[in-house]
$ cat work_13.cif   # mmCIF, C-alpha atoms
data_structure
loop_
_atom_site.group_PDB
_atom_site.id
_atom_site.type_symbol
_atom_site.label_atom_id
_atom_site.label_comp_id
_atom_site.auth_asym_id
_atom_site.auth_seq_id
_atom_site.Cartn_x
_atom_site.Cartn_y
_atom_site.Cartn_z
ATOM 1 C CA MET N 1 122.791 30.264 51.390
ATOM 2 C CA ALA N 2 122.791 26.492 51.633
ATOM 3 C CA ALA N 3 125.608 25.524 49.282
ATOM 4 C CA ILE N 4 124.594 21.876 49.462
ATOM 5 C CA ASP N 5 121.240 22.738 47.833
ATOM 6 C CA LEU N 6 122.965 24.696 45.091
ATOM 7 C CA ILE N 7 125.409 21.840 44.484
ATOM 8 C CA ALA N 8 122.556 19.330 44.339
ATOM 9 C CA THR N 9 120.793 21.432 41.715
ATOM 10 C CA ALA N 10 123.934 21.969 39.621
ATOM 11 C CA SER N 11 124.471 18.189 39.718
ATOM 12 C CA ASN N 12 120.861 17.378 38.832
ATOM 13 C CA ASP N 13 120.588 15.776 35.382
ATOM 14 C CA GLU N 14 117.380 17.593 34.466
ATOM 15 C CA PHE N 15 118.674 21.032 35.446
ATOM 16 C CA ALA N 16 122.012 20.412 33.707
ATOM 17 C CA GLY N 17 120.110 19.240 30.625
ATOM 18 C CA ARG N 18 118.161 22.483 30.565
ATOM 19 C CA VAL N 19 121.386 24.443 30.903
ATOM 20 C CA MET N 20 122.893 22.414 28.045
ATOM 21 C CA MET N 21 119.982 23.142 25.696
ATOM 22 C CA ILE N 22 120.142 26.840 26.493
ATOM 23 C CA MET N 23 123.934 26.784 26.064
ATOM 24 C CA PHE N 24 123.327 25.707 22.460
ATOM 25 C CA LYS N 25 120.901 28.607 21.999
ATOM 26 C CA VAL N 26 123.411 31.129 23.326
ATOM 27 C CA ALA N 27 126.219 29.530 21.300
ATOM 28 C CA GLN N 28 124.152 29.945 18.144
ATOM 29 C CA ALA N 29 123.493 33.591 18.995
ATOM 30 C CA VAL N 30 127.230 34.147 19.478
ATOM 31 C CA ALA N 31 127.933 32.436 16.149
ATOM 32 C CA THR N 32 125.824 35.063 14.411
ATOM 33 C CA GLU N 33 126.823 38.112 16.470
ATOM 34 C CA ASP N 34 128.564 41.129 14.999
ATOM 35 C CA PRO N 35 132.231 40.242 14.472
ATOM 36 C CA ALA N 36 133.078 43.667 15.937
ATOM 37 C CA THR N 37 131.757 42.504 19.334
ATOM 38 C CA GLU N 38 134.472 42.739 21.972
ATOM 39 C CA TYR N 39 136.263 39.374 22.366
ATOM 40 C CA HIS N 40 134.307 37.968 19.418
ATOM 41 C CA ALA N 41 137.079 35.556 18.412
ATOM 42 C CA GLU N 42 137.273 34.089 21.924
ATOM 43 C CA ARG N 43 133.474 34.044 22.291
ATOM 44 C CA MET N 44 133.188 32.281 18.940
ATOM 45 C CA SER N 45 135.859 29.747 19.851
ATOM 46 C CA TYR N 46 133.944 28.909 23.026
ATOM 47 C CA ALA N 47 130.660 28.722 21.080
ATOM 48 C CA GLU N 48 132.281 26.220 18.719
ATOM 49 C CA MET N 49 133.448 24.170 21.697
ATOM 50 C CA VAL N 50 129.901 24.127 23.098
ATOM 51 C CA ILE N 51 128.379 23.209 19.727
ATOM 52 C CA ARG N 52 130.852 20.315 19.399
ATOM 53 C CA GLY N 53 129.638 19.030 22.785
ATOM 54 C CA GLU N 54 132.966 19.541 24.528
ATOM 55 C CA GLU N 55 131.650 21.538 27.492
ATOM 56 C CA LYS N 56 130.477 20.058 30.792
ATOM 57 C CA PRO N 57 126.847 21.097 31.464
ATOM 58 C CA LYS N 58 127.007 20.344 35.197
ATOM 59 C CA LEU N 59 130.083 22.527 35.576
ATOM 60 C CA VAL N 60 128.384 25.311 33.624
ATOM 61 C CA SER N 61 125.277 24.812 35.774
ATOM 62 C CA ALA N 62 127.363 25.521 38.863
ATOM 63 C CA HIS N 63 128.740 28.679 37.240
ATOM 64 C CA VAL N 64 125.219 29.783 36.239
ATOM 65 C CA ILE N 65 123.931 29.288 39.780
ATOM 66 C CA SER N 66 126.914 30.887 41.505
ATOM 67 C CA SER N 67 126.909 33.914 39.211
ATOM 68 C CA ASN N 68 123.220 34.750 39.444
ATOM 69 C CA PRO N 69 121.639 35.594 42.819
ATOM 70 C CA THR N 70 118.117 35.402 41.371
ATOM 71 C CA ILE N 71 118.666 31.802 40.308
ATOM 72 C CA ALA N 72 120.334 30.906 43.604
ATOM 73 C CA ALA N 73 117.419 32.438 45.537
ATOM 74 C CA ALA N 74 114.870 30.474 43.503
ATOM 75 C CA ILE N 75 116.735 27.241 44.244
ATOM 76 C CA GLU N 76 117.055 28.070 47.923
ATOM 77 C CA SER N 77 113.324 28.860 48.131
ATOM 78 C CA ASP N 78 112.473 25.282 47.112
ATOM 79 C CA PRO N 79 115.548 23.022 47.197
ATOM 80 C CA GLY N 80 113.528 19.906 46.374
ATOM 81 C CA ALA N 81 112.541 21.394 43.008
ATOM 82 C CA TYR N 82 116.203 21.164 41.869
ATOM 83 C CA GLY N 83 115.850 24.306 39.793
ATOM 84 C CA SER N 84 112.623 23.366 38.025
ATOM 85 C CA ASN N 85 111.249 26.649 39.395
ATOM 86 C CA VAL N 86 113.955 28.657 37.583
ATOM 87 C CA PRO N 87 112.643 30.125 34.326
ATOM 88 C CA ASP N 88 114.574 29.310 31.156
ATOM 89 C CA GLY N 89 114.900 33.042 30.524
ATOM 90 C CA ASP N 90 116.840 33.449 33.762
ATOM 91 C CA ILE N 91 119.212 30.656 32.749
ATOM 92 C CA GLU N 92 119.670 32.217 29.316
ATOM 93 C CA PHE N 93 120.396 35.616 30.860
ATOM 94 C CA ALA N 94 122.958 34.073 33.221
ATOM 95 C CA LEU N 95 124.656 32.157 30.400
ATOM 96 C CA ALA N 96 124.865 35.262 28.240
ATOM 97 C CA SER N 97 126.294 37.127 31.232
ATOM 98 C CA ILE N 98 129.095 34.621 31.846
ATOM 99 C CA TRP N 99 129.843 33.749 28.198
ATOM 100 C CA THR N 100 132.777 36.125 27.774
ATOM 101 C CA ALA N 101 134.350 35.127 31.088
ATOM 102 C CA ARG N 102 134.123 31.440 30.164
ATOM 103 C CA SER N 103 135.465 32.091 26.677
ATOM 104 C CA LEU N 104 138.440 34.029 28.041
ATOM 105 C CA ALA N 105 139.151 31.304 30.592
ATOM 106 C CA PHE N 106 139.379 28.729 27.816
ATOM 107 C CA ALA N 107 141.426 31.066 25.618
ATOM 108 C CA ALA N 108 143.999 31.273 28.403
ATOM 109 C CA VAL N 109 144.521 27.509 28.430
#
$ encode --input "work_13.cif" --output "structure tokens"
Amino acid sequence: MAAIDLIATASNDEFAGRVMMIMFKVAQAVATEDPATEYHAERMSYAEMVIRGEEKPKLVSAHVISSNPTIAAAIESDPGAYGSNVPDGDIEFALASIWTARSLAFAAV
């Protein structure tokens, strides 16, 4: 793994912009999820934070990349693409996968 390539992608404005747009999609899905979902209150609080624009897309991009080996491998296969070869569906899956962890981290603050 070439961390420098992963950092460059997480810091790339276009990739971070894609992550931001998909963050809004996931936040909206959380806003309409079953209130009986485990950690719903924390997940909803984080969704509200995202919808208000208070999250940092480049930081979330780094979390998305570091948490998903499929995304990291795609970036490493073509570092100059800065993640343009990563399907939106993979980003959405990664965001949904880390949503609870991020929400609990903010709840602890």
$ resolve_selection --input "work_13.cif" --expression "the PyMOL selection byres ((chain N and resi 66) around 12)" --output "ChimeraX atom specification"
/N:1-3,5-7,9-10,59-65,67-73,75,91,94-95,98
$ resolve_selection --input "work_13.cif" --expression "the PyMOL selection byres ((chain N and resi 30-33) around 10)" --output "list in words"
Phe24, Lys25, Val26, Ala27, Gln28, Ala29, Asp34, Pro35, Ala36, Thr37, His40, Ala41, Arg43, Met44, Ser45, Tyr46, Ala47, Glu48, Ile51, Ala96 and Trp99 of chain N
$ write_last_selection --input "work_13.cif" --atoms "C-alpha atoms" --output "PDB file, in the coordinates of the input"
ATOM      1  CA  PHE N  24     123.327  25.707  22.460  1.00  0.00           C
ATOM      2  CA  LYS N  25     120.901  28.607  21.999  1.00  0.00           C
ATOM      3  CA  VAL N  26     123.411  31.129  23.326  1.00  0.00           C
ATOM      4  CA  ALA N  27     126.219  29.530  21.300  1.00  0.00           C
ATOM      5  CA  GLN N  28     124.152  29.945  18.144  1.00  0.00           C
ATOM      6  CA  ALA N  29     123.493  33.591  18.995  1.00  0.00           C
ATOM      7  CA  ASP N  34     128.564  41.129  14.999  1.00  0.00           C
ATOM      8  CA  PRO N  35     132.231  40.242  14.472  1.00  0.00           C
ATOM      9  CA  ALA N  36     133.078  43.667  15.937  1.00  0.00           C
ATOM     10  CA  THR N  37     131.757  42.504  19.334  1.00  0.00           C
ATOM     11  CA  HIS N  40     134.307  37.968  19.418  1.00  0.00           C
ATOM     12  CA  ALA N  41     137.079  35.556  18.412  1.00  0.00           C
ATOM     13  CA  ARG N  43     133.474  34.044  22.291  1.00  0.00           C
ATOM     14  CA  MET N  44     133.188  32.281  18.940  1.00  0.00           C
ATOM     15  CA  SER N  45     135.859  29.747  19.851  1.00  0.00           C
ATOM     16  CA  TYR N  46     133.944  28.909  23.026  1.00  0.00           C
ATOM     17  CA  ALA N  47     130.660  28.722  21.080  1.00  0.00           C
ATOM     18  CA  GLU N  48     132.281  26.220  18.719  1.00  0.00           C
ATOM     19  CA  ILE N  51     128.379  23.209  19.727  1.00  0.00           C
ATOM     20  CA  ALA N  96     124.865  35.262  28.240  1.00  0.00           C
ATOM     21  CA  TRP N  99     129.843  33.749  28.198  1.00  0.00           C
TER      22      TRP N  99
END
$ atom_distance --input "work_13.cif" --atom1 "atom CA of Gly80 of chain N" --atom2 "atom CA of Ala16 of chain N"
15.3 Å
$ atom_distance --input "work_13.cif" --atom1 "atom CA of Arg18 of chain N" --atom2 "atom CA of Glu55 of chain N"
13.9 Å
$ atom_distance --input "work_13.cif" --atom1 "atom CA of Val86 of chain N" --atom2 "atom CA of Ile4 of chain N"
17.3 Å
$ axis_aligned_box --input "work_13.cif" --around "segment 39-42 of chain N" --padding-each-side "8 Å" --output "AutoDock Vina command-line options"
--center_x 135.8 --center_y 36.7 --center_z 20.4 --size_x 19.0 --size_y 21.3 --size_z 20.0
$ closest_residue --input "work_13.cif" --among "N:Ala81, N:Asp90, N:Val50, N:Ile22" --to "Ser103 of chain N" --atoms "all atoms listed in the file"
N:Val50
$ closest_residue --input "work_13.cif" --among "N:Glu76, N:Asn85, N:Phe106, N:Arg52" --to "Glu14 of chain N" --atoms "all atoms listed in the file"
N:Asn85
$ residues_around --input "work_13.cif" --residues "Pro57 of chain N" --least-positions-apart "6" --cutoff "8 Å" --atoms "all atoms listed in the file" --output "list in words"
Ala16, Gly17, Val19 and Met20 of chain N
$ closest_residue --input "work_13.cif" --among "N:Met23, N:Gly83, N:Glu92, N:Ser77" --to "Ser11 of chain N" --atoms "all atoms listed in the file"
N:Gly83
